[in-house]
There are 4 protein chains.
Amino acid sequence: MSCINVTIWNEFRHEKHDEGIKKIYPDGIHNAIKNYLDKVDGLNVRTATLDEPEHGLTDEVINSTDVMLWWGHMAHGEVRDDIVNKVWNRVQKGMGLIVLHSGHASKIFQKITGTRSSDLKWREDGDIERLWVIDHNHPITQGIGDYIELPSEEVYGETFEIPTPDELLFISWFEGGEVFRSGLTYRRGNGKVFYFRPGHESVPTYHNPKILRVIENAVKWAAPLGYPDYPTGYVRPLSPVGGKIIK
Amino acid sequence: MSCINVTIWNEFRHEKHDEGIKKIYPDGIHNAIKNYLDKVDGLNVRTATLDEPEHGLTDEVINSTDVMLWWGHMAHGEVRDDIVNKVWNRVQKGMGLIVLHSGHASKIFQKITGTRSSDLKWREDGDIERLWVIDHNHPITQGIGDYIELPSEEVYGETFEIPTPDELLFISWFEGGEVFRSGLTYRRGNGKVFYFRPGHESVPTYHNPKILRVIENAVKWAAPLGYPDYPTGYVRPLSPVGGKIIK
Amino acid sequence: MSCINVTIWNEFRHEKHDEGIKKIYPDGIHNAIKNYLDKVDGLNVRTATLDEPEHGLTDEVINSTDVMLWWGHMAHGEVRDDIVNKVWNRVQKGMGLIVLHSGHASKIFQKITGTRSSDLKWREDGDIERLWVIDHNHPITQGIGDYIELPSEEVYGETFEIPTPDELLFISWFEGGEVFRSGLTYRRGNGKVFYFRPGHESVPTYHNPKILRVIENAVKWAAPLGYPDYPTGYVRPLSPVGGKIIK
Amino acid sequence: MSCINVTIWNEFRHEKHDEGIKKIYPDGIHNAIKNYLDKVDGLNVRTATLDEPEHGLTDEVINSTDVMLWWGHMAHGEVRDDIVNKVWNRVQKGMGLIVLHSGHASKIFQKITGTRSSDLKWREDGDIERLWVIDHNHPITQGIGDYIELPSEEVYGETFEIPTPDELLFISWFEGGEVFRSGLTYRRGNGKVFYFRPGHESVPTYHNPKILRVIENAVKWAAPLGYPDYPTGYVRPLSPVGGKIIK
């Protein structure tokens, strides 16, 4: 079997400029996730970051990626529109896309959802987050049990301005009183999209084994079955109009 | 009761430059629809077209519109991105949007759906189109009966690259062998969106009483219940974290 | 305009046999709701209860009901199957159905959802419940604001074994750590169905103005647009097979 | 890897009593499908039919089945309710269910969908059927191309009284003018359900390679990931109500 080509894209700014965050993710959030995925059979994992040329997302990289992960936060506006368009086009063709945490406000997620998707409530008070599994027979929730508990996370609260997801896999409970739809799937063109809420830069969420397992599951789920090609545009009639169908 | 403010936007090029089309719609497709909607109680209807300043869609017009209709075809690329963004933002706040026929490939519909949405099969052979009603207890299909038959229409064929609609109201049968999901609803932010397939410029579809009835129904359905305002952004905890909830 | 005929069905056992509950609902939960709905224009409200002949649901009552409310808990098994079938058939034809609280485990709701729907977590500890509004431009959530807070309610917790709802309108947060999808819509045949979680018999939830407002909104939303009649069964071909379509 | 245990259930009446049908399916529809699936790696296939004791669906058979196929037509009413209940319960736990053709009116499908699902248009005139693929990146549609064409099939026409499917994979076009949603998925409890329209007893549809491929794909798709067990019923609070969450 051939491998799934995975590209983990990370803004990679917080981890360079904040000492506390650097301690948690010394090589960046992307490498914390890569270290885990490297041990998974069948995946071929590379990374890309904002400050590389073309954000690390050259045509060659995009066109050879089967599943892309996206973490961004403070610099959404710096991401080039033309590169967002290329990523979006690749999703239409079949590439999987996994959007993490504050990536909800990224250009690519807004272009995917057709909503502002940045509109929600938020606060940072070190709340416990509990992610309840809504669907126990979905590939993404395997191996998780009844819920994931994170001892301290940033809070997101509804109303989250998104289209009704195709599948709702997790709902989060926060200690201070909020709820949030925190695991969502969408189909766009031939591509599968998964949004997964937890993962604030100031807490070690991407070291949590259950969180990493969800990401592994999601990568395998989002991998395309192929890049299907079917006729679009002008077609000849299958049968003469008003007449007998020609076989 | 206050009126629903309706703006019918039309590209209005075919009707000016093609004699055959001019005969069918001497004042443009927008005015054919307006003439009908003007007789409906509770609607306040105006029009806007591509070649007016700001495409007729000034801030004042957009911000006072409750439901916008959109017909475009040959000049999608000429529509200014900044105006598309304003229309899109208004939808997020609650404005209804009705996209007609070849408007499936418009910038606004692509921005709403998050897909190319222009990818489909098509041909022009004067096929009979039958639009079968899939949901008989939906406001948009009232007064239509079992199906609508159009004696001659352009054909669109699946696969139509769109997200799974929230509601599928019509499926079209075409004489030459194609099918198409031809009446679809979406929610985006607080706005309701309806896509309705028929309406090629070369045939008198917008003079058909059932087609006009669907459009009337859709306008009433898409009208917002209000422009809801609810907190987003930074919030204080509803309860002290780790402590008793304060009432 | 003609009235919406509403029938509030209540098991009406707790209120007769438990002194504490009798104090909260001296005339039964059904009459607490009826007292409110009686003041709403355009509604014609009656009640029915388990211990009446045919549970108060004679053919005449069922066939003249536009929207039925259903509250049951301790005696689901006593409800006659033939009467459940009649209610279900009426829903298929277009009658609205609003299932309240522990009605999630009723025969009618299981027959509607096609799932056990009784499988969920629960406990009674007097938790605060907060019902967050997920959709602010839906008829059922009008006049509610950002959330409803109930000072003390029974807890239901996910995973709730139900089909993905057509619309998810409320998610509940509970003080002790659970979440629950607490406001859901379904379509079945031509009928609209709304499930609304709160309403334990031991707390005065049905005296809360926001809860009553949701119920009022839901009644209006669930009212059928009509009882559509369209051909089913054997049909003649619309066009001779293999030949030209006859107009 | 362990095998997927497949049980093909067939009413098996037409094939015994009608000479024309016997010629097409001398060993019954179930064995035509079994012959194909027997050659697929990883499947362990057996059959069961109406006139066997307990319809061939003993507790042992049901409880060791991962995916069940269901073909029935003239004798839906003879299927025992208690056995239907057992099959339905197994679906809730995770068993996949594939309902074929006239199985749309079976007790099990009605119990799954919560609708009459028998209400649709139909006629038998030897129409060409074309099943258009709506989703090209779904496991069930792999290897099919743009559409399946059957030279002669029974016609089903909308409106098909079913809940909105979770996924719409095929739409059928019929020569005489009808359309039909002919490939649908549902989730019920932990089980996956697929309805697939073609397969009238009088035509050799289950000898068509593409039809058999769809069935093979569907069996693999519907196979459960496991039979998940998670707490339901009475639970202790995760945290003392009104107090600090205990870790």
# chains A, B, ... in the order shown; residues from 1 in each chain; ligands from 1
>>> residues_around(residues="segment 221-230 of chain D", least_positions_apart="2", cutoff="9 Å", atoms="only C-alpha atoms", output="VMD selection string")
(chain A and resid 136 to 139 142 145 to 146) or (chain C and resid 159) or (chain D and resid 4 to 6 66 to 67 93 to 98 139 to 140 190 to 194 216 to 219 232)
>>> calpha_fit_and_write(fixed="chain A", moving="chain C", output="PDB file with C-alpha atoms, in the first residue's frame")
ATOM      1  CA  MET C   1      -0.015   0.041  -0.064  1.00  0.00           C
ATOM      2  CA  SER C   2       1.227   3.494  -0.792  1.00  0.00           C
ATOM      3  CA  CYS C   3       1.655   6.023   1.978  1.00  0.00           C
ATOM      4  CA  ILE C   4      -0.580   8.933   2.893  1.00  0.00           C
ATOM      5  CA  ASN C   5       1.399  12.131   2.314  1.00  0.00           C
ATOM      6  CA  VAL C   6       0.772  14.436   5.247  1.00  0.00           C
ATOM      7  CA  THR C   7       1.797  18.095   5.485  1.00  0.00           C
ATOM      8  CA  ILE C   8       1.520  19.777   8.884  1.00  0.00           C
ATOM      9  CA  TRP C   9       1.283  23.520   8.420  1.00  0.00           C
ATOM     10  CA  ASN C  10       1.961  25.711  11.446  1.00  0.00           C
ATOM     11  CA  GLU C  11       2.109  29.473  11.809  1.00  0.00           C
ATOM     12  CA  PHE C  12       5.070  28.889  14.181  1.00  0.00           C
ATOM     13  CA  ARG C  13       5.291  32.322  15.776  1.00  0.00           C
ATOM     14  CA  HIS C  14       4.186  31.867  19.384  1.00  0.00           C
ATOM     15  CA  GLU C  15       6.727  29.099  19.921  1.00  0.00           C
ATOM     16  CA  LYS C  16       9.589  31.322  18.777  1.00  0.00           C
ATOM     17  CA  HIS C  17       8.746  34.448  20.713  1.00  0.00           C
ATOM     18  CA  ASP C  18       7.214  33.322  24.010  1.00  0.00           C
ATOM     19  CA  GLU C  19       9.475  31.569  26.513  1.00  0.00           C
ATOM     20  CA  GLY C  20       6.628  29.756  28.254  1.00  0.00           C
ATOM     21  CA  ILE C  21       5.277  28.393  25.005  1.00  0.00           C
ATOM     22  CA  LYS C  22       8.761  27.481  23.787  1.00  0.00           C
ATOM     23  CA  LYS C  23       9.137  25.226  26.821  1.00  0.00           C
ATOM     24  CA  ILE C  24       5.992  23.323  25.919  1.00  0.00           C
ATOM     25  CA  TYR C  25       6.751  23.092  22.192  1.00  0.00           C
ATOM     26  CA  PRO C  26      10.516  23.643  21.776  1.00  0.00           C
ATOM     27  CA  ASP C  27      10.378  22.651  18.079  1.00  0.00           C
ATOM     28  CA  GLY C  28       6.942  24.080  17.415  1.00  0.00           C
ATOM     29  CA  ILE C  29       3.467  22.604  17.532  1.00  0.00           C
ATOM     30  CA  HIS C  30       4.021  21.099  14.072  1.00  0.00           C
ATOM     31  CA  ASN C  31       6.923  19.006  15.265  1.00  0.00           C
ATOM     32  CA  ALA C  32       5.090  17.849  18.385  1.00  0.00           C
ATOM     33  CA  ILE C  33       2.429  16.421  16.071  1.00  0.00           C
ATOM     34  CA  LYS C  34       5.010  15.187  13.553  1.00  0.00           C
ATOM     35  CA  ASN C  35       6.917  13.268  16.226  1.00  0.00           C
ATOM     36  CA  TYR C  36       3.767  11.345  16.991  1.00  0.00           C
ATOM     37  CA  LEU C  37       2.608  10.790  13.400  1.00  0.00           C
ATOM     38  CA  ASP C  38       6.089   9.643  12.349  1.00  0.00           C
ATOM     39  CA  LYS C  39       5.517   6.502  14.406  1.00  0.00           C
ATOM     40  CA  VAL C  40       2.262   5.688  12.620  1.00  0.00           C
ATOM     41  CA  ASP C  41       2.535   3.149   9.813  1.00  0.00           C
ATOM     42  CA  GLY C  42       1.578   4.280   6.358  1.00  0.00           C
ATOM     43  CA  LEU C  43       2.125   8.001   6.843  1.00  0.00           C
ATOM     44  CA  ASN C  44       4.764  10.104   5.135  1.00  0.00           C
ATOM     45  CA  VAL C  45       4.899  13.320   7.174  1.00  0.00           C
ATOM     46  CA  ARG C  46       6.499  16.697   6.484  1.00  0.00           C
ATOM     47  CA  THR C  47       5.955  20.192   7.850  1.00  0.00           C
ATOM     48  CA  ALA C  48       5.601  23.715   6.509  1.00  0.00           C
ATOM     49  CA  THR C  49       5.504  27.054   8.296  1.00  0.00           C
ATOM     50  CA  LEU C  50       4.454  30.623   7.626  1.00  0.00           C
ATOM     51  CA  ASP C  51       7.885  32.204   7.447  1.00  0.00           C
ATOM     52  CA  GLU C  52       9.337  29.803   4.910  1.00  0.00           C
ATOM     53  CA  PRO C  53       9.270  30.914   1.266  1.00  0.00           C
ATOM     54  CA  GLU C  54       5.686  30.551   0.002  1.00  0.00           C
ATOM     55  CA  HIS C  55       4.845  29.559   3.599  1.00  0.00           C
ATOM     56  CA  GLY C  56       6.463  26.211   2.778  1.00  0.00           C
ATOM     57  CA  LEU C  57       3.517  25.499   0.478  1.00  0.00           C
ATOM     58  CA  THR C  58       4.998  25.420  -3.005  1.00  0.00           C
ATOM     59  CA  ASP C  59       2.919  23.978  -5.813  1.00  0.00           C
ATOM     60  CA  GLU C  60       5.004  20.828  -5.554  1.00  0.00           C
ATOM     61  CA  VAL C  61       4.205  20.446  -1.860  1.00  0.00           C
ATOM     62  CA  ILE C  62       0.502  21.191  -2.211  1.00  0.00           C
ATOM     63  CA  ASN C  63       0.046  18.913  -5.186  1.00  0.00           C
ATOM     64  CA  SER C  64       1.726  15.987  -3.469  1.00  0.00           C
ATOM     65  CA  THR C  65      -0.173  16.329  -0.196  1.00  0.00           C
ATOM     66  CA  ASP C  66      -3.018  13.950   0.625  1.00  0.00           C
ATOM     67  CA  VAL C  67      -3.891  15.410   4.022  1.00  0.00           C
ATOM     68  CA  MET C  68      -2.967  18.854   5.313  1.00  0.00           C
ATOM     69  CA  LEU C  69      -3.116  19.993   8.949  1.00  0.00           C
ATOM     70  CA  TRP C  70      -3.498  23.698   9.682  1.00  0.00           C
ATOM     71  CA  TRP C  71      -2.640  25.554  12.914  1.00  0.00           C
ATOM     72  CA  GLY C  72      -2.650  29.365  12.874  1.00  0.00           C
ATOM     73  CA  HIS C  73      -3.571  32.133  15.269  1.00  0.00           C
ATOM     74  CA  MET C  74      -1.933  35.546  15.408  1.00  0.00           C
ATOM     75  CA  ALA C  75      -0.987  35.946  11.753  1.00  0.00           C
ATOM     76  CA  HIS C  76      -3.940  34.731   9.710  1.00  0.00           C
ATOM     77  CA  GLY C  77      -3.800  37.977   7.753  1.00  0.00           C
ATOM     78  CA  GLU C  78      -0.234  37.352   6.616  1.00  0.00           C
ATOM     79  CA  VAL C  79      -1.106  34.171   4.739  1.00  0.00           C
ATOM     80  CA  ARG C  80      -1.059  34.901   1.007  1.00  0.00           C
ATOM     81  CA  ASP C  81      -4.427  34.698  -0.737  1.00  0.00           C
ATOM     82  CA  ASP C  82      -2.988  32.936  -3.775  1.00  0.00           C
ATOM     83  CA  ILE C  83      -1.632  30.162  -1.597  1.00  0.00           C
ATOM     84  CA  VAL C  84      -4.925  29.838   0.255  1.00  0.00           C
ATOM     85  CA  ASN C  85      -6.597  29.472  -3.140  1.00  0.00           C
ATOM     86  CA  LYS C  86      -4.233  26.685  -4.113  1.00  0.00           C
ATOM     87  CA  VAL C  87      -4.851  24.799  -0.876  1.00  0.00           C
ATOM     88  CA  TRP C  88      -8.596  25.250  -1.368  1.00  0.00           C
ATOM     89  CA  ASN C  89      -8.408  23.962  -4.933  1.00  0.00           C
ATOM     90  CA  ARG C  90      -6.508  20.924  -3.759  1.00  0.00           C
ATOM     91  CA  VAL C  91      -9.280  20.220  -1.226  1.00  0.00           C
ATOM     92  CA  GLN C  92     -11.876  20.359  -4.015  1.00  0.00           C
ATOM     93  CA  LYS C  93      -9.896  17.711  -5.877  1.00  0.00           C
ATOM     94  CA  GLY C  94      -9.797  15.384  -2.891  1.00  0.00           C
ATOM     95  CA  MET C  95      -7.111  16.426  -0.397  1.00  0.00           C
ATOM     96  CA  GLY C  96      -8.121  16.074   3.249  1.00  0.00           C
ATOM     97  CA  LEU C  97      -7.844  19.108   5.523  1.00  0.00           C
ATOM     98  CA  ILE C  98      -7.634  19.128   9.323  1.00  0.00           C
ATOM     99  CA  VAL C  99      -8.056  22.522  10.915  1.00  0.00           C
ATOM    100  CA  LEU C 100      -6.858  22.845  14.486  1.00  0.00           C
ATOM    101  CA  HIS C 101      -7.999  25.173  17.282  1.00  0.00           C
ATOM    102  CA  SER C 102      -7.586  28.857  16.398  1.00  0.00           C
ATOM    103  CA  GLY C 103      -7.365  27.815  12.761  1.00  0.00           C
ATOM    104  CA  HIS C 104     -11.141  28.299  12.896  1.00  0.00           C
ATOM    105  CA  ALA C 105     -10.453  31.954  12.006  1.00  0.00           C
ATOM    106  CA  SER C 106      -7.983  31.180   9.211  1.00  0.00           C
ATOM    107  CA  LYS C 107      -8.583  32.247   5.629  1.00  0.00           C
ATOM    108  CA  ILE C 108      -8.704  28.647   4.469  1.00  0.00           C
ATOM    109  CA  PHE C 109     -11.391  27.647   6.981  1.00  0.00           C
ATOM    110  CA  GLN C 110     -13.520  30.679   6.193  1.00  0.00           C
ATOM    111  CA  LYS C 111     -13.209  29.871   2.501  1.00  0.00           C
ATOM    112  CA  ILE C 112     -14.231  26.290   3.205  1.00  0.00           C
ATOM    113  CA  THR C 113     -17.168  27.027   5.473  1.00  0.00           C
ATOM    114  CA  GLY C 114     -18.544  30.082   3.682  1.00  0.00           C
ATOM    115  CA  THR C 115     -18.970  31.801   7.057  1.00  0.00           C
ATOM    116  CA  ARG C 116     -16.998  34.169   9.236  1.00  0.00           C
ATOM    117  CA  SER C 117     -16.321  31.159  11.515  1.00  0.00           C
ATOM    118  CA  SER C 118     -14.212  33.502  13.641  1.00  0.00           C
ATOM    119  CA  ASP C 119     -17.290  34.585  15.569  1.00  0.00           C
ATOM    120  CA  LEU C 120     -17.522  32.795  18.891  1.00  0.00           C
ATOM    121  CA  LYS C 121     -16.987  33.494  22.587  1.00  0.00           C
ATOM    122  CA  TRP C 122     -13.591  32.943  24.154  1.00  0.00           C
ATOM    123  CA  ARG C 123     -11.633  33.438  27.353  1.00  0.00           C
ATOM    124  CA  GLU C 124      -8.432  32.161  28.944  1.00  0.00           C
ATOM    125  CA  ASP C 125      -8.888  31.088  32.552  1.00  0.00           C
ATOM    126  CA  GLY C 126      -7.422  27.620  32.657  1.00  0.00           C
ATOM    127  CA  ASP C 127     -10.779  25.836  32.560  1.00  0.00           C
ATOM    128  CA  ILE C 128     -11.095  22.123  32.507  1.00  0.00           C
ATOM    129  CA  GLU C 129     -12.396  21.014  29.097  1.00  0.00           C
ATOM    130  CA  ARG C 130     -14.281  17.797  28.593  1.00  0.00           C
ATOM    131  CA  LEU C 131     -14.806  16.656  25.008  1.00  0.00           C
ATOM    132  CA  TRP C 132     -17.749  14.254  24.940  1.00  0.00           C
ATOM    133  CA  VAL C 133     -17.884  11.710  22.120  1.00  0.00           C
ATOM    134  CA  ILE C 134     -21.170  12.031  20.209  1.00  0.00           C
ATOM    135  CA  ASP C 135     -20.547   9.239  17.697  1.00  0.00           C
ATOM    136  CA  HIS C 136     -18.836   6.051  18.892  1.00  0.00           C
ATOM    137  CA  ASN C 137     -18.786   4.239  15.571  1.00  0.00           C
ATOM    138  CA  HIS C 138     -16.910   6.879  13.586  1.00  0.00           C
ATOM    139  CA  PRO C 139     -13.278   6.297  12.560  1.00  0.00           C
ATOM    140  CA  ILE C 140     -12.164   9.551  14.186  1.00  0.00           C
ATOM    141  CA  THR C 141     -13.396   8.648  17.693  1.00  0.00           C
ATOM    142  CA  GLN C 142     -11.914   5.161  17.904  1.00  0.00           C
ATOM    143  CA  GLY C 143      -9.806   4.431  20.973  1.00  0.00           C
ATOM    144  CA  ILE C 144     -11.044   7.458  22.885  1.00  0.00           C
ATOM    145  CA  GLY C 145     -13.714   6.028  25.166  1.00  0.00           C
ATOM    146  CA  ASP C 146     -16.498   8.191  26.505  1.00  0.00           C
ATOM    147  CA  TYR C 147     -14.711  11.544  26.643  1.00  0.00           C
ATOM    148  CA  ILE C 148     -11.373  13.336  26.687  1.00  0.00           C
ATOM    149  CA  GLU C 149     -10.561  15.492  29.689  1.00  0.00           C
ATOM    150  CA  LEU C 150      -7.992  18.288  29.438  1.00  0.00           C
ATOM    151  CA  PRO C 151      -6.964  19.863  32.758  1.00  0.00           C
ATOM    152  CA  SER C 152      -6.547  23.376  31.379  1.00  0.00           C
ATOM    153  CA  GLU C 153      -7.546  24.876  28.065  1.00  0.00           C
ATOM    154  CA  GLU C 154      -8.671  28.093  26.495  1.00  0.00           C
ATOM    155  CA  VAL C 155     -12.457  28.330  26.366  1.00  0.00           C
ATOM    156  CA  TYR C 156     -14.475  28.690  23.166  1.00  0.00           C
ATOM    157  CA  GLY C 157     -18.209  29.171  23.566  1.00  0.00           C
ATOM    158  CA  GLU C 158     -21.237  28.990  21.288  1.00  0.00           C
ATOM    159  CA  THR C 159     -22.607  30.452  19.151  1.00  0.00           C
ATOM    160  CA  PHE C 160     -19.984  29.287  16.669  1.00  0.00           C
ATOM    161  CA  GLU C 161     -20.913  30.772  13.287  1.00  0.00           C
ATOM    162  CA  ILE C 162     -20.487  27.742  11.047  1.00  0.00           C
ATOM    163  CA  PRO C 163     -22.701  25.768   8.683  1.00  0.00           C
ATOM    164  CA  THR C 164     -24.357  22.734  10.193  1.00  0.00           C
ATOM    165  CA  PRO C 165     -21.583  20.141  10.065  1.00  0.00           C
ATOM    166  CA  ASP C 166     -22.083  16.933   8.135  1.00  0.00           C
ATOM    167  CA  GLU C 167     -21.091  15.060  11.287  1.00  0.00           C
ATOM    168  CA  LEU C 168     -20.821  16.275  14.881  1.00  0.00           C
ATOM    169  CA  LEU C 169     -18.305  14.087  16.688  1.00  0.00           C
ATOM    170  CA  PHE C 170     -17.416  15.975  19.884  1.00  0.00           C
ATOM    171  CA  ILE C 171     -19.126  18.564  22.098  1.00  0.00           C
ATOM    172  CA  SER C 172     -16.996  20.323  24.716  1.00  0.00           C
ATOM    173  CA  TRP C 173     -18.017  21.202  28.249  1.00  0.00           C
ATOM    174  CA  PHE C 174     -16.072  23.963  30.024  1.00  0.00           C
ATOM    175  CA  GLU C 175     -15.856  24.433  33.753  1.00  0.00           C
ATOM    176  CA  GLY C 176     -16.993  28.048  33.673  1.00  0.00           C
ATOM    177  CA  GLY C 177     -20.278  27.422  31.897  1.00  0.00           C
ATOM    178  CA  GLU C 178     -19.817  27.210  28.103  1.00  0.00           C
ATOM    179  CA  VAL C 179     -20.346  24.496  25.514  1.00  0.00           C
ATOM    180  CA  PHE C 180     -18.825  24.188  22.043  1.00  0.00           C
ATOM    181  CA  ARG C 181     -19.146  21.950  19.008  1.00  0.00           C
ATOM    182  CA  SER C 182     -15.516  20.871  19.013  1.00  0.00           C
ATOM    183  CA  GLY C 183     -15.190  18.040  16.499  1.00  0.00           C
ATOM    184  CA  LEU C 184     -16.836  18.576  13.118  1.00  0.00           C
ATOM    185  CA  THR C 185     -16.645  17.122   9.639  1.00  0.00           C
ATOM    186  CA  TYR C 186     -17.475  18.732   6.314  1.00  0.00           C
ATOM    187  CA  ARG C 187     -17.260  17.620   2.712  1.00  0.00           C
ATOM    188  CA  ARG C 188     -16.169  20.191   0.143  1.00  0.00           C
ATOM    189  CA  GLY C 189     -15.883  19.032  -3.444  1.00  0.00           C
ATOM    190  CA  ASN C 190     -14.104  15.693  -3.162  1.00  0.00           C
ATOM    191  CA  GLY C 191     -12.200  16.648  -0.023  1.00  0.00           C
ATOM    192  CA  LYS C 192     -12.930  15.735   3.580  1.00  0.00           C
ATOM    193  CA  VAL C 193     -12.487  18.399   6.250  1.00  0.00           C
ATOM    194  CA  PHE C 194     -12.222  17.957  10.024  1.00  0.00           C
ATOM    195  CA  TYR C 195     -12.187  20.760  12.560  1.00  0.00           C
ATOM    196  CA  PHE C 196     -10.853  19.920  16.042  1.00  0.00           C
ATOM    197  CA  ARG C 197     -11.078  22.582  18.710  1.00  0.00           C
ATOM    198  CA  PRO C 198      -8.493  21.955  21.446  1.00  0.00           C
ATOM    199  CA  GLY C 199      -4.841  23.007  21.143  1.00  0.00           C
ATOM    200  CA  HIS C 200      -4.110  26.402  22.643  1.00  0.00           C
ATOM    201  CA  GLU C 201      -0.444  27.307  22.393  1.00  0.00           C
ATOM    202  CA  SER C 202       0.024  27.869  26.122  1.00  0.00           C
ATOM    203  CA  VAL C 203      -0.964  24.367  27.225  1.00  0.00           C
ATOM    204  CA  PRO C 204       0.483  20.952  26.354  1.00  0.00           C
ATOM    205  CA  THR C 205      -2.617  19.668  24.586  1.00  0.00           C
ATOM    206  CA  TYR C 206      -0.634  18.219  21.672  1.00  0.00           C
ATOM    207  CA  HIS C 207       1.233  16.004  24.105  1.00  0.00           C
ATOM    208  CA  ASN C 208      -2.030  14.398  25.298  1.00  0.00           C
ATOM    209  CA  PRO C 209      -2.227  10.823  23.956  1.00  0.00           C
ATOM    210  CA  LYS C 210      -5.968  10.935  23.289  1.00  0.00           C
ATOM    211  CA  ILE C 211      -5.688  14.213  21.387  1.00  0.00           C
ATOM    212  CA  LEU C 212      -2.885  12.770  19.281  1.00  0.00           C
ATOM    213  CA  ARG C 213      -4.943   9.645  18.682  1.00  0.00           C
ATOM    214  CA  VAL C 214      -7.835  11.753  17.375  1.00  0.00           C
ATOM    215  CA  ILE C 215      -5.437  13.518  15.013  1.00  0.00           C
ATOM    216  CA  GLU C 216      -4.039  10.199  13.800  1.00  0.00           C
ATOM    217  CA  ASN C 217      -7.558   8.881  13.265  1.00  0.00           C
ATOM    218  CA  ALA C 218      -8.534  12.050  11.424  1.00  0.00           C
ATOM    219  CA  VAL C 219      -5.543  11.874   9.095  1.00  0.00           C
ATOM    220  CA  LYS C 220      -6.489   8.348   8.081  1.00  0.00           C
ATOM    221  CA  TRP C 221     -10.152   9.288   7.698  1.00  0.00           C
ATOM    222  CA  ALA C 222      -9.411  12.396   5.620  1.00  0.00           C
ATOM    223  CA  ALA C 223      -7.076  10.632   3.196  1.00  0.00           C
ATOM    224  CA  PRO C 224      -8.709  10.619  -0.225  1.00  0.00           C
ATOM    225  CA  LEU C 225      -9.807   7.379  -1.843  1.00  0.00           C
ATOM    226  CA  GLY C 226      -8.369   8.867  -5.015  1.00  0.00           C
ATOM    227  CA  TYR C 227      -8.618  12.059  -7.018  1.00  0.00           C
ATOM    228  CA  PRO C 228     -11.718  11.280  -9.018  1.00  0.00           C
ATOM    229  CA  ASP C 229     -12.044  12.544 -12.532  1.00  0.00           C
ATOM    230  CA  TYR C 230     -15.502  12.786 -14.042  1.00  0.00           C
ATOM    231  CA  PRO C 231     -16.856  14.806 -16.944  1.00  0.00           C
ATOM    232  CA  THR C 232     -17.903  18.386 -16.343  1.00  0.00           C
ATOM    233  CA  GLY C 233     -18.649  21.185 -18.764  1.00  0.00           C
ATOM    234  CA  TYR C 234     -20.297  20.750 -22.121  1.00  0.00           C
ATOM    235  CA  VAL C 235     -21.658  17.279 -22.815  1.00  0.00           C
ATOM    236  CA  ARG C 236     -23.461  15.672 -25.707  1.00  0.00           C
ATOM    237  CA  PRO C 237     -26.916  14.316 -24.920  1.00  0.00           C
ATOM    238  CA  LEU C 238     -26.964  10.730 -23.751  1.00  0.00           C
ATOM    239  CA  SER C 239     -30.038  10.271 -25.888  1.00  0.00           C
ATOM    240  CA  PRO C 240     -31.425  12.348 -28.735  1.00  0.00           C
ATOM    241  CA  VAL C 241     -33.845  14.764 -27.189  1.00  0.00           C
ATOM    242  CA  GLY C 242     -37.418  13.729 -27.768  1.00  0.00           C
ATOM    243  CA  GLY C 243     -36.370  10.396 -29.173  1.00  0.00           C
ATOM    244  CA  LYS C 244     -35.314   6.928 -28.281  1.00  0.00           C
ATOM    245  CA  ILE C 245     -32.264   6.469 -26.142  1.00  0.00           C
ATOM    246  CA  ILE C 246     -29.347   5.097 -28.112  1.00  0.00           C
ATOM    247  CA  LYS C 247     -27.462   2.297 -26.451  1.00  0.00           C
TER     248      LYS C 247
END
>>> select_by_dssp(residues="segment 62-238 of chain A", states="helix (DSSP H, G or I)", output="NGL selection string")
:A and (62-63 or 76-78 or 81-93 or 101-105 or 107-113 or 139-141 or 205-207 or 209-222)
>>> select_by_dssp(residues="segment 95-243 of chain D", states="strand (DSSP E or B)", output="ChimeraX atom specification")
/D:96-100,121-133,147-157,167-174,179-188,191-196,233-234
